[in-house]
Amino acid sequence: MLDFLQVTVGVMGVCCYIVFCPNTKKAAVVDPGGDVDRILEVAKDNGLEIVKIIATHAHPDHVCGVRELKEATGAEIVIHAADEEFFSRDEVSSYFSMLGLEASPPADITVEEGDSIRVGEGDLQVIHTPGHTPGGMCLLNGKNLITGDTLFVGGLGRTDFPGGSHRELLDSIHQKLLVLPEDTVVWPGHGYGGSRSTIGEEKRSNPFL
C-alpha cells in the first residue's frame, strides 16, 4: 500500500498529492500546480525521493509546476496518451495560454486505461475518465482514489473547455468510479466542497450525479 500526502498549491488551489512507498521512500507527485519549493520541502521533510511526476490531466493549473519539479528531481513525467496528443495541438495550447500558466513539457511515459504506474513497491492503477479532458484519469491504490478534476466533493469537473464533454464525464463517473467499494476514499483535484470524501458519500449526496 502507498501513503498519501495532500498539499494545496498554486493560484487556483490545486490539490497536489505526494504518493509514496513507506518501505522504499520512493514517491510520485501528482498534479504539481505550483509552489514547487513547498512540494520539495514536504518531500524532504518526509525523507522521500521523487521519481515520477503524474498529471491527472494536462490543464495548466495542474501541470504548471511540472517543468520546475522535473529540473529539480529528474523524475519522469507521466500523462495519459490522449491528453499528451490533445494538448500538443497548436490551437489547444494557444487557447489555454490565456490562463498565463506554463504548460507541461512532453511526457516521458504515456499511459492508458488499465496500466499501472509503479511507485516503489506499490502501484497506481490508471482509470481513464474522459469528460473534463480527453485524457483525464483517476489513480487508484487500494482504497485510495485520486480523482483529479473528474469528481470533487459534492461536485464534478467543468466541461466547457476544449475537449470537454458533460456526457462523457457522467459516463466516466458512473461506469468507472461509482462502481468502486463505497469506502473508497476520494481525493479530489480541488477542495471546493472539501478535501476528501468517499465513493459512498458521493453516491448518496452529490447533487450533480
# chains A, B, ... in the order shown; residues from 1 in each chain; ligands from 1

$ closest_atom_pairs --of "segment 55-86 of chain A" --to "segment 110-117 of chain A" --cutoff "12 Å" --atoms "only C-alpha atoms" --output "Markdown table"
| residue | atom | partner | partner_atom | distance |
| --- | --- | --- | --- | --- |
| A:Ala55 | CA | A:Thr110 | CA | 10.4 |
| A:Thr56 | CA | A:Val111 | CA | 10.9 |
| A:His57 | CA | A:Val111 | CA | 11.7 |
| A:Glu76 | CA | A:Thr110 | CA | 10.4 |
| A:Ile77 | CA | A:Thr110 | CA | 8.5 |
| A:Val78 | CA | A:Thr110 | CA | 5.7 |
| A:Ile79 | CA | A:Thr110 | CA | 5.1 |
| A:His80 | CA | A:Val111 | CA | 4.7 |
| A:Ala81 | CA | A:Thr110 | CA | 4.9 |
| A:Ala82 | CA | A:Glu112 | CA | 8.1 |
| A:Asp83 | CA | A:Thr110 | CA | 9.1 |
| A:Glu84 | CA | A:Thr110 | CA | 7.4 |
| A:Glu85 | CA | A:Thr110 | CA | 9.9 |

$ write_last_selection --atoms "N, CA and C atoms" --output "mmCIF file, in the first residue's frame"
data_model
loop_
_atom_site.group_PDB
_atom_site.id
_atom_site.type_symbol
_atom_site.label_atom_id
_atom_site.label_comp_id
_atom_site.auth_asym_id
_atom_site.auth_seq_id
_atom_site.Cartn_x
_atom_site.Cartn_y
_atom_site.Cartn_z
ATOM 1 N N ALA A 55 0.376 13.658 -14.076
ATOM 2 C CA ALA A 55 -0.716 14.610 -14.284
ATOM 3 C C ALA A 55 -2.019 13.845 -14.480
ATOM 4 N N THR A 56 -3.026 14.137 -13.634
ATOM 5 C CA THR A 56 -4.336 13.525 -13.859
ATOM 6 C C THR A 56 -4.948 14.029 -15.156
ATOM 7 N N HIS A 57 -4.553 15.233 -15.558
ATOM 8 C CA HIS A 57 -4.923 15.808 -16.844
ATOM 9 C C HIS A 57 -4.001 16.993 -17.075
ATOM 10 N N GLU A 76 10.479 11.231 -13.882
ATOM 11 C CA GLU A 76 9.810 11.006 -15.166
ATOM 12 C C GLU A 76 8.399 11.600 -15.144
ATOM 13 N N ILE A 77 8.019 12.252 -16.247
ATOM 14 C CA ILE A 77 6.688 12.825 -16.393
ATOM 15 C C ILE A 77 5.757 11.778 -16.991
ATOM 16 N N VAL A 78 4.591 11.586 -16.348
ATOM 17 C CA VAL A 78 3.623 10.583 -16.776
ATOM 18 C C VAL A 78 2.287 11.261 -17.053
ATOM 19 N N ILE A 79 1.703 10.958 -18.215
ATOM 20 C CA ILE A 79 0.409 11.536 -18.569
ATOM 21 C C ILE A 79 -0.342 10.540 -19.456
ATOM 22 N N HIS A 80 -1.649 10.647 -19.485
ATOM 23 C CA HIS A 80 -2.433 9.777 -20.360
ATOM 24 C C HIS A 80 -2.155 10.127 -21.818
ATOM 25 N N ALA A 81 -2.098 9.109 -22.656
ATOM 26 C CA ALA A 81 -1.745 9.303 -24.061
ATOM 27 C C ALA A 81 -2.695 10.265 -24.769
ATOM 28 N N ALA A 82 -3.986 10.234 -24.424
ATOM 29 C CA ALA A 82 -4.951 11.097 -25.102
ATOM 30 C C ALA A 82 -4.718 12.564 -24.784
ATOM 31 N N ASP A 83 -4.330 12.884 -23.551
ATOM 32 C CA ASP A 83 -4.032 14.282 -23.219
ATOM 33 C C ASP A 83 -2.681 14.710 -23.787
ATOM 34 N N GLU A 84 -1.732 13.805 -23.843
ATOM 35 C CA GLU A 84 -0.434 14.140 -24.456
ATOM 36 C C GLU A 84 -0.636 14.569 -25.906
ATOM 37 N N GLU A 85 -1.516 13.860 -26.609
ATOM 38 C CA GLU A 85 -1.791 14.209 -28.008
ATOM 39 C C GLU A 85 -2.625 15.477 -28.111
#

$ residues_around --residues "Lys203 of chain A" --least-positions-apart "2" --cutoff "10 Å" --atoms "only C-alpha atoms" --output "list in words"
Gly154, His174, Leu177, Leu178, Val179, Glu182, Thr198, Ile199, Gly200, Glu201, Ser205, Asn206, Pro207, Phe208 and Leu209 of chain A

$ write_last_selection --atoms "C-alpha atoms" --output "compact mmCIF listing (two decimals), in the first residue's frame"
# COMPACT_ATOMS: atom_id res chain seq x y z
CA GLY A 154 -20.14 17.35 -3.87
CA HIS A 174 -20.99 6.29 -13.16
CA LEU A 177 -15.88 5.34 -10.20
CA LEU A 178 -19.24 4.76 -8.55
CA VAL A 179 -18.81 1.00 -9.05
CA GLU A 182 -18.26 2.67 -1.08
CA THR A 198 -15.78 8.59 -0.15
CA ILE A 199 -17.46 6.95 -3.10
CA GLY A 200 -20.43 6.11 -0.88
CA GLU A 201 -20.83 9.70 0.27
CA SER A 205 -25.20 13.24 -1.62
CA ASN A 206 -23.50 14.66 -4.74
CA PRO A 207 -26.27 16.73 -6.39
CA PHE A 208 -24.62 16.56 -9.83
CA LEU A 209 -24.82 12.77 -10.04

$ closest_residue --among "A:Val186, A:Leu5, A:Leu151, A:Ile39" --to "Ser172 of chain A" --atoms "only C-alpha atoms"
A:Leu151

$ residues_around --residues "Gly47 of chain A" --least-positions-apart "6" --cutoff "12 Å" --atoms "only C-alpha atoms" --output "list in words"
Ile18, Phe20, Cys21, Pro22, Asn23, Thr24, Lys25, Lys26, Ala27, Leu40 and Glu41 of chain A

$ write_last_selection --atoms "C-alpha atoms" --output "PDB file, in the first residue's frame"
ATOM      1  CA  ILE A  18       2.740  13.188  -2.834  1.00  0.00           C
ATOM      2  CA  PHE A  20       4.930   7.323  -1.624  1.00  0.00           C
ATOM      3  CA  CYS A  21       6.042   3.846  -0.714  1.00  0.00           C
ATOM      4  CA  PRO A  22       6.704   3.726   3.041  1.00  0.00           C
ATOM      5  CA  ASN A  23       9.315   0.984   2.607  1.00  0.00           C
ATOM      6  CA  THR A  24      11.478   2.425  -0.176  1.00  0.00           C
ATOM      7  CA  LYS A  25      10.619   6.139   0.289  1.00  0.00           C
ATOM      8  CA  LYS A  26      10.167   6.440  -3.486  1.00  0.00           C
ATOM      9  CA  ALA A  27       7.464   9.000  -4.309  1.00  0.00           C
ATOM     10  CA  LEU A  40      10.076  19.710  -2.448  1.00  0.00           C
ATOM     11  CA  GLU A  41      10.156  20.751   1.200  1.00  0.00           C
TER      12      GLU A  41
END

$ residues_around --residues "Pro188 of chain A" --least-positions-apart "5" --cutoff "12 Å" --atoms "only C-alpha atoms" --output "JSON, numbers by chain"
{"A": [6, 7, 8, 13, 14, 15, 16, 17, 30, 31, 56, 137, 138, 139, 144, 145, 146, 147, 148, 149, 150, 151, 152, 153, 154, 155, 156, 157, 193, 194, 195, 196, 197, 198, 199, 202]}

$ select_by_dssp --residues "segment 2-207 of chain A" --states "strand (DSSP E or B)" --output "PDB file with N, CA and C atoms, in the first residue's frame"
ATOM      1  N   ASP A   3       1.241   5.489   0.723  1.00  0.00           N
ATOM      2  CA  ASP A   3       0.744   6.542   1.594  1.00  0.00           C
ATOM      3  C   ASP A   3       0.519   7.815   0.788  1.00  0.00           C
ATOM      4  N   PHE A   4      -0.403   8.657   1.249  1.00  0.00           N
ATOM      5  CA  PHE A   4      -0.820   9.848   0.513  1.00  0.00           C
ATOM      6  C   PHE A   4      -0.659  11.094   1.376  1.00  0.00           C
ATOM      7  N   LEU A   5      -0.017  12.115   0.830  1.00  0.00           N
ATOM      8  CA  LEU A   5       0.048  13.438   1.449  1.00  0.00           C
ATOM      9  C   LEU A   5      -0.625  14.430   0.506  1.00  0.00           C
ATOM     10  N   GLN A   6      -1.511  15.243   1.037  1.00  0.00           N
ATOM     11  CA  GLN A   6      -2.224  16.246   0.239  1.00  0.00           C
ATOM     12  C   GLN A   6      -1.649  17.633   0.532  1.00  0.00           C
ATOM     13  N   VAL A   7      -1.288  18.363  -0.532  1.00  0.00           N
ATOM     14  CA  VAL A   7      -0.732  19.706  -0.403  1.00  0.00           C
ATOM     15  C   VAL A   7      -1.478  20.617  -1.375  1.00  0.00           C
ATOM     16  N   THR A   8      -2.127  21.655  -0.882  1.00  0.00           N
ATOM     17  CA  THR A   8      -2.827  22.594  -1.758  1.00  0.00           C
ATOM     18  C   THR A   8      -1.835  23.613  -2.291  1.00  0.00           C
ATOM     19  N   VAL A   9      -1.793  23.762  -3.631  1.00  0.00           N
ATOM     20  CA  VAL A   9      -0.753  24.572  -4.259  1.00  0.00           C
ATOM     21  C   VAL A   9      -1.338  25.494  -5.326  1.00  0.00           C
ATOM     22  N   VAL A  14      -4.958  24.007  -6.345  1.00  0.00           N
ATOM     23  CA  VAL A  14      -4.947  22.615  -6.790  1.00  0.00           C
ATOM     24  C   VAL A  14      -4.542  21.705  -5.632  1.00  0.00           C
ATOM     25  N   CYS A  15      -5.247  20.612  -5.488  1.00  0.00           N
ATOM     26  CA  CYS A  15      -4.852  19.586  -4.527  1.00  0.00           C
ATOM     27  C   CYS A  15      -3.793  18.705  -5.174  1.00  0.00           C
ATOM     28  N   CYS A  16      -2.550  18.932  -4.773  1.00  0.00           N
ATOM     29  CA  CYS A  16      -1.417  18.147  -5.227  1.00  0.00           C
ATOM     30  C   CYS A  16      -1.204  17.003  -4.244  1.00  0.00           C
ATOM     31  N   TYR A  17      -0.771  15.860  -4.744  1.00  0.00           N
ATOM     32  CA  TYR A  17      -0.559  14.695  -3.888  1.00  0.00           C
ATOM     33  C   TYR A  17       0.867  14.188  -4.018  1.00  0.00           C
ATOM     34  N   ILE A  18       1.467  13.896  -2.871  1.00  0.00           N
ATOM     35  CA  ILE A  18       2.740  13.188  -2.834  1.00  0.00           C
ATOM     36  C   ILE A  18       2.413  11.773  -2.369  1.00  0.00           C
ATOM     37  N   VAL A  19       2.512  10.845  -3.302  1.00  0.00           N
ATOM     38  CA  VAL A  19       2.152   9.451  -3.049  1.00  0.00           C
ATOM     39  C   VAL A  19       3.455   8.667  -2.925  1.00  0.00           C
ATOM     40  N   PHE A  20       3.623   7.934  -1.833  1.00  0.00           N
ATOM     41  CA  PHE A  20       4.930   7.323  -1.624  1.00  0.00           C
ATOM     42  C   PHE A  20       4.835   5.925  -1.025  1.00  0.00           C
ATOM     43  N   LYS A  26      10.349   5.914  -2.137  1.00  0.00           N
ATOM     44  CA  LYS A  26      10.167   6.440  -3.486  1.00  0.00           C
ATOM     45  C   LYS A  26       8.796   7.107  -3.562  1.00  0.00           C
ATOM     46  N   ALA A  27       8.706   8.232  -4.291  1.00  0.00           N
ATOM     47  CA  ALA A  27       7.464   9.000  -4.309  1.00  0.00           C
ATOM     48  C   ALA A  27       7.115   9.473  -5.711  1.00  0.00           C
ATOM     49  N   ALA A  28       5.833   9.661  -5.921  1.00  0.00           N
ATOM     50  CA  ALA A  28       5.315  10.310  -7.125  1.00  0.00           C
ATOM     51  C   ALA A  28       4.561  11.561  -6.698  1.00  0.00           C
ATOM     52  N   VAL A  29       4.746  12.642  -7.437  1.00  0.00           N
ATOM     53  CA  VAL A  29       3.980  13.863  -7.212  1.00  0.00           C
ATOM     54  C   VAL A  29       2.893  13.931  -8.276  1.00  0.00           C
ATOM     55  N   VAL A  30       1.657  14.022  -7.825  1.00  0.00           N
ATOM     56  CA  VAL A  30       0.508  14.080  -8.729  1.00  0.00           C
ATOM     57  C   VAL A  30      -0.022  15.509  -8.770  1.00  0.00           C
ATOM     58  N   GLU A  49      12.171  10.423  -2.013  1.00  0.00           N
ATOM     59  CA  GLU A  49      12.813  10.659  -3.301  1.00  0.00           C
ATOM     60  C   GLU A  49      11.736  10.679  -4.381  1.00  0.00           C
ATOM     61  N   ILE A  50      11.580  11.813  -5.047  1.00  0.00           N
ATOM     62  CA  ILE A  50      10.556  11.943  -6.083  1.00  0.00           C
ATOM     63  C   ILE A  50      11.077  11.329  -7.376  1.00  0.00           C
ATOM     64  N   VAL A  51      10.401  10.274  -7.844  1.00  0.00           N
ATOM     65  CA  VAL A  51      10.854   9.560  -9.037  1.00  0.00           C
ATOM     66  C   VAL A  51       9.889   9.701 -10.213  1.00  0.00           C
ATOM     67  N   LYS A  52       8.646  10.135  -9.931  1.00  0.00           N
ATOM     68  CA  LYS A  52       7.669  10.320 -11.005  1.00  0.00           C
ATOM     69  C   LYS A  52       6.841  11.572 -10.741  1.00  0.00           C
ATOM     70  N   ILE A  53       6.441  12.219 -11.831  1.00  0.00           N
ATOM     71  CA  ILE A  53       5.537  13.364 -11.797  1.00  0.00           C
ATOM     72  C   ILE A  53       4.351  12.990 -12.674  1.00  0.00           C
ATOM     73  N   ILE A  54       3.172  12.909 -12.084  1.00  0.00           N
ATOM     74  CA  ILE A  54       1.991  12.408 -12.789  1.00  0.00           C
ATOM     75  C   ILE A  54       0.954  13.511 -12.898  1.00  0.00           C
ATOM     76  N   GLU A  76      10.479  11.231 -13.882  1.00  0.00           N
ATOM     77  CA  GLU A  76       9.810  11.006 -15.166  1.00  0.00           C
ATOM     78  C   GLU A  76       8.399  11.600 -15.144  1.00  0.00           C
ATOM     79  N   ILE A  77       8.019  12.252 -16.247  1.00  0.00           N
ATOM     80  CA  ILE A  77       6.688  12.825 -16.393  1.00  0.00           C
ATOM     81  C   ILE A  77       5.757  11.778 -16.991  1.00  0.00           C
ATOM     82  N   VAL A  78       4.591  11.586 -16.348  1.00  0.00           N
ATOM     83  CA  VAL A  78       3.623  10.583 -16.776  1.00  0.00           C
ATOM     84  C   VAL A  78       2.287  11.261 -17.053  1.00  0.00           C
ATOM     85  N   ILE A  79       1.703  10.958 -18.215  1.00  0.00           N
ATOM     86  CA  ILE A  79       0.409  11.536 -18.569  1.00  0.00           C
ATOM     87  C   ILE A  79      -0.342  10.540 -19.456  1.00  0.00           C
ATOM     88  N   HIS A  80      -1.649  10.647 -19.485  1.00  0.00           N
ATOM     89  CA  HIS A  80      -2.433   9.777 -20.360  1.00  0.00           C
ATOM     90  C   HIS A  80      -2.155  10.127 -21.818  1.00  0.00           C
ATOM     91  N   ILE A 109       6.576   9.209 -20.177  1.00  0.00           N
ATOM     92  CA  ILE A 109       5.794   7.977 -20.210  1.00  0.00           C
ATOM     93  C   ILE A 109       4.335   8.349 -20.464  1.00  0.00           C
ATOM     94  N   THR A 110       3.701   7.691 -21.428  1.00  0.00           N
ATOM     95  CA  THR A 110       2.255   7.851 -21.598  1.00  0.00           C
ATOM     96  C   THR A 110       1.571   6.550 -21.191  1.00  0.00           C
ATOM     97  N   VAL A 111       0.384   6.699 -20.601  1.00  0.00           N
ATOM     98  CA  VAL A 111      -0.347   5.540 -20.086  1.00  0.00           C
ATOM     99  C   VAL A 111      -1.760   5.534 -20.650  1.00  0.00           C
ATOM    100  N   SER A 116      -0.573   0.384 -14.994  1.00  0.00           N
ATOM    101  CA  SER A 116      -0.175   0.651 -13.621  1.00  0.00           C
ATOM    102  C   SER A 116       1.099   1.488 -13.609  1.00  0.00           C
ATOM    103  N   ILE A 117       1.163   2.423 -12.696  1.00  0.00           N
ATOM    104  CA  ILE A 117       2.342   3.271 -12.528  1.00  0.00           C
ATOM    105  C   ILE A 117       3.032   2.836 -11.247  1.00  0.00           C
ATOM    106  N   ARG A 118       4.268   2.347 -11.388  1.00  0.00           N
ATOM    107  CA  ARG A 118       4.997   1.802 -10.249  1.00  0.00           C
ATOM    108  C   ARG A 118       5.588   2.924  -9.405  1.00  0.00           C
ATOM    109  N   VAL A 119       5.373   2.855  -8.107  1.00  0.00           N
ATOM    110  CA  VAL A 119       5.966   3.785  -7.147  1.00  0.00           C
ATOM    111  C   VAL A 119       6.550   2.949  -6.019  1.00  0.00           C
ATOM    112  N   GLY A 122       4.751  -0.212  -4.661  1.00  0.00           N
ATOM    113  CA  GLY A 122       3.312  -0.103  -4.887  1.00  0.00           C
ATOM    114  C   GLY A 122       2.993   0.346  -6.294  1.00  0.00           C
ATOM    115  N   ASP A 123       1.707   0.328  -6.614  1.00  0.00           N
ATOM    116  CA  ASP A 123       1.250   0.713  -7.945  1.00  0.00           C
ATOM    117  C   ASP A 123       0.039   1.618  -7.858  1.00  0.00           C
ATOM    118  N   LEU A 124      -0.029   2.557  -8.782  1.00  0.00           N
ATOM    119  CA  LEU A 124      -1.236   3.343  -9.008  1.00  0.00           C
ATOM    120  C   LEU A 124      -1.897   2.827 -10.277  1.00  0.00           C
ATOM    121  N   GLN A 125      -3.129   2.378 -10.140  1.00  0.00           N
ATOM    122  CA  GLN A 125      -3.866   1.860 -11.290  1.00  0.00           C
ATOM    123  C   GLN A 125      -4.499   3.017 -12.050  1.00  0.00           C
ATOM    124  N   VAL A 126      -4.307   3.041 -13.360  1.00  0.00           N
ATOM    125  CA  VAL A 126      -4.847   4.098 -14.209  1.00  0.00           C
ATOM    126  C   VAL A 126      -6.287   3.770 -14.588  1.00  0.00           C
ATOM    127  N   ILE A 127      -7.195   4.699 -14.275  1.00  0.00           N
ATOM    128  CA  ILE A 127      -8.600   4.597 -14.694  1.00  0.00           C
ATOM    129  C   ILE A 127      -8.868   5.780 -15.609  1.00  0.00           C
ATOM    130  N   HIS A 128      -9.060   5.518 -16.897  1.00  0.00           N
ATOM    131  CA  HIS A 128      -9.289   6.587 -17.867  1.00  0.00           C
ATOM    132  C   HIS A 128     -10.700   7.130 -17.693  1.00  0.00           C
ATOM    133  N   MET A 137      -7.643  11.210 -16.125  1.00  0.00           N
ATOM    134  CA  MET A 137      -7.554   9.891 -15.499  1.00  0.00           C
ATOM    135  C   MET A 137      -7.593  10.014 -13.988  1.00  0.00           C
ATOM    136  N   CYS A 138      -8.038   8.926 -13.362  1.00  0.00           N
ATOM    137  CA  CYS A 138      -8.003   8.794 -11.913  1.00  0.00           C
ATOM    138  C   CYS A 138      -6.985   7.725 -11.565  1.00  0.00           C
ATOM    139  N   LEU A 139      -6.501   7.758 -10.338  1.00  0.00           N
ATOM    140  CA  LEU A 139      -5.422   6.873  -9.911  1.00  0.00           C
ATOM    141  C   LEU A 139      -5.847   6.149  -8.643  1.00  0.00           C
ATOM    142  N   LEU A 140      -5.825   4.816  -8.692  1.00  0.00           N
ATOM    143  CA  LEU A 140      -6.339   4.003  -7.589  1.00  0.00           C
ATOM    144  C   LEU A 140      -5.225   3.167  -6.969  1.00  0.00           C
ATOM    145  N   ASN A 141      -5.151   3.219  -5.643  1.00  0.00           N
ATOM    146  CA  ASN A 141      -4.278   2.332  -4.895  1.00  0.00           C
ATOM    147  C   ASN A 141      -5.043   1.863  -3.665  1.00  0.00           C
ATOM    148  N   ASN A 144      -7.730   4.079  -1.873  1.00  0.00           N
ATOM    149  CA  ASN A 144      -7.470   5.499  -2.114  1.00  0.00           C
ATOM    150  C   ASN A 144      -7.556   5.811  -3.593  1.00  0.00           C
ATOM    151  N   LEU A 145      -8.351   6.828  -3.942  1.00  0.00           N
ATOM    152  CA  LEU A 145      -8.603   7.192  -5.334  1.00  0.00           C
ATOM    153  C   LEU A 145      -8.375   8.681  -5.534  1.00  0.00           C
ATOM    154  N   ILE A 146      -7.366   9.013  -6.331  1.00  0.00           N
ATOM    155  CA  ILE A 146      -7.158  10.413  -6.730  1.00  0.00           C
ATOM    156  C   ILE A 146      -8.001  10.666  -7.960  1.00  0.00           C
ATOM    157  N   THR A 147      -8.915  11.650  -7.863  1.00  0.00           N
ATOM    158  CA  THR A 147      -9.891  11.847  -8.932  1.00  0.00           C
ATOM    159  C   THR A 147      -9.618  13.060  -9.822  1.00  0.00           C
ATOM    160  N   GLY A 148      -8.554  13.835  -9.535  1.00  0.00           N
ATOM    161  CA  GLY A 148      -8.281  14.993 -10.378  1.00  0.00           C
ATOM    162  C   GLY A 148      -9.499  15.895 -10.466  1.00  0.00           C
ATOM    163  N   LEU A 151     -14.027  14.185 -10.403  1.00  0.00           N
ATOM    164  CA  LEU A 151     -15.018  14.171  -9.327  1.00  0.00           C
ATOM    165  C   LEU A 151     -14.491  14.951  -8.132  1.00  0.00           C
ATOM    166  N   PHE A 152     -15.299  15.900  -7.666  1.00  0.00           N
ATOM    167  CA  PHE A 152     -14.976  16.666  -6.465  1.00  0.00           C
ATOM    168  C   PHE A 152     -15.863  16.201  -5.312  1.00  0.00           C
ATOM    169  N   GLY A 155     -19.302  17.697  -6.114  1.00  0.00           N
ATOM    170  CA  GLY A 155     -19.281  18.359  -7.425  1.00  0.00           C
ATOM    171  C   GLY A 155     -18.573  17.506  -8.449  1.00  0.00           C
ATOM    172  N   LEU A 156     -18.408  18.060  -9.638  1.00  0.00           N
ATOM    173  CA  LEU A 156     -17.658  17.377 -10.692  1.00  0.00           C
ATOM    174  C   LEU A 156     -16.998  18.416 -11.578  1.00  0.00           C
ATOM    175  N   VAL A 185     -11.735   6.066  -0.622  1.00  0.00           N
ATOM    176  CA  VAL A 185     -11.543   7.478  -0.296  1.00  0.00           C
ATOM    177  C   VAL A 185     -11.321   8.269  -1.582  1.00  0.00           C
ATOM    178  N   VAL A 186     -12.094   9.328  -1.753  1.00  0.00           N
ATOM    179  CA  VAL A 186     -11.977  10.232  -2.898  1.00  0.00           C
ATOM    180  C   VAL A 186     -11.059  11.389  -2.525  1.00  0.00           C
ATOM    181  N   TRP A 187      -9.936  11.510  -3.245  1.00  0.00           N
ATOM    182  CA  TRP A 187      -9.003  12.624  -3.081  1.00  0.00           C
ATOM    183  C   TRP A 187      -9.140  13.507  -4.316  1.00  0.00           C
ATOM    184  N   PRO A 188      -9.814  14.656  -4.218  1.00  0.00           N
ATOM    185  CA  PRO A 188     -10.151  15.449  -5.411  1.00  0.00           C
ATOM    186  C   PRO A 188      -9.020  16.363  -5.867  1.00  0.00           C
ATOM    187  N   HIS A 190      -9.398  19.606  -6.547  1.00  0.00           N
ATOM    188  CA  HIS A 190      -9.573  20.892  -5.858  1.00  0.00           C
ATOM    189  C   HIS A 190     -10.434  20.623  -4.631  1.00  0.00           C
ATOM    190  N   SER A 197     -13.494  12.760   0.484  1.00  0.00           N
ATOM    191  CA  SER A 197     -14.823  12.191   0.658  1.00  0.00           C
ATOM    192  C   SER A 197     -14.693  10.677   0.471  1.00  0.00           C
ATOM    193  N   THR A 198     -15.797  10.005   0.233  1.00  0.00           N
ATOM    194  CA  THR A 198     -15.781   8.595  -0.148  1.00  0.00           C
ATOM    195  C   THR A 198     -16.732   8.385  -1.320  1.00  0.00           C
TER     196      THR A 198
END

$ residues_around --residues "segment 88-103 of chain A" --least-positions-apart "2" --cutoff "8 Å" --atoms "only C-alpha atoms" --output "ChimeraX atom specification"
/A:58-61,63-65,84-86,105,162

$ closest_residue --among "A:Asp37, A:His132, A:Gly142, A:Glu168" --to "Pro181 of chain A" --atoms "only C-alpha atoms"
A:Gly142

$ decode --residues "segment 12-25 of chain A" --atoms "N, CA and C atoms" --output "mmCIF file, in the first residue's frame"
data_model
loop_
_atom_site.group_PDB
_atom_site.id
_atom_site.type_symbol
_atom_site.label_atom_id
_atom_site.label_comp_id
_atom_site.auth_asym_id
_atom_site.auth_seq_id
_atom_site.Cartn_x
_atom_site.Cartn_y
_atom_site.Cartn_z
ATOM 1 N N MET A 12 -4.669 28.588 -8.175
ATOM 2 C CA MET A 12 -6.020 28.039 -8.348
ATOM 3 C C MET A 12 -6.341 26.955 -7.331
ATOM 4 N N GLY A 13 -5.532 26.855 -6.281
ATOM 5 C CA GLY A 13 -5.848 25.938 -5.195
ATOM 6 C C GLY A 13 -5.948 24.484 -5.620
ATOM 7 N N VAL A 14 -4.958 24.007 -6.345
ATOM 8 C CA VAL A 14 -4.947 22.615 -6.790
ATOM 9 C C VAL A 14 -4.542 21.705 -5.632
ATOM 10 N N CYS A 15 -5.247 20.612 -5.488
ATOM 11 C CA CYS A 15 -4.852 19.586 -4.527
ATOM 12 C C CYS A 15 -3.793 18.705 -5.174
ATOM 13 N N CYS A 16 -2.550 18.932 -4.773
ATOM 14 C CA CYS A 16 -1.417 18.147 -5.227
ATOM 15 C C CYS A 16 -1.204 17.003 -4.244
ATOM 16 N N TYR A 17 -0.771 15.860 -4.744
ATOM 17 C CA TYR A 17 -0.559 14.695 -3.888
ATOM 18 C C TYR A 17 0.867 14.188 -4.018
ATOM 19 N N ILE A 18 1.467 13.896 -2.871
ATOM 20 C CA ILE A 18 2.740 13.188 -2.834
ATOM 21 C C ILE A 18 2.413 11.773 -2.369
ATOM 22 N N VAL A 19 2.512 10.845 -3.302
ATOM 23 C CA VAL A 19 2.152 9.451 -3.049
ATOM 24 C C VAL A 19 3.455 8.667 -2.925
ATOM 25 N N PHE A 20 3.623 7.934 -1.833
ATOM 26 C CA PHE A 20 4.930 7.323 -1.624
ATOM 27 C C PHE A 20 4.835 5.925 -1.025
ATOM 28 N N CYS A 21 5.885 5.182 -1.277
ATOM 29 C CA CYS A 21 6.042 3.846 -0.714
ATOM 30 C C CYS A 21 6.735 3.974 0.640
ATOM 31 N N PRO A 22 6.103 3.556 1.719
ATOM 32 C CA PRO A 22 6.704 3.726 3.041
ATOM 33 C C PRO A 22 7.963 2.888 3.250
ATOM 34 N N ASN A 23 8.139 1.839 2.452
ATOM 35 C CA ASN A 23 9.315 0.984 2.607
ATOM 36 C C ASN A 23 10.536 1.534 1.886
ATOM 37 N N THR A 24 10.344 1.966 0.635
ATOM 38 C CA THR A 24 11.478 2.425 -0.176
ATOM 39 C C THR A 24 11.662 3.932 -0.153
ATOM 40 N N LYS A 25 10.620 4.675 0.281
ATOM 41 C CA LYS A 25 10.619 6.139 0.289
ATOM 42 C C LYS A 25 10.661 6.730 -1.126
#
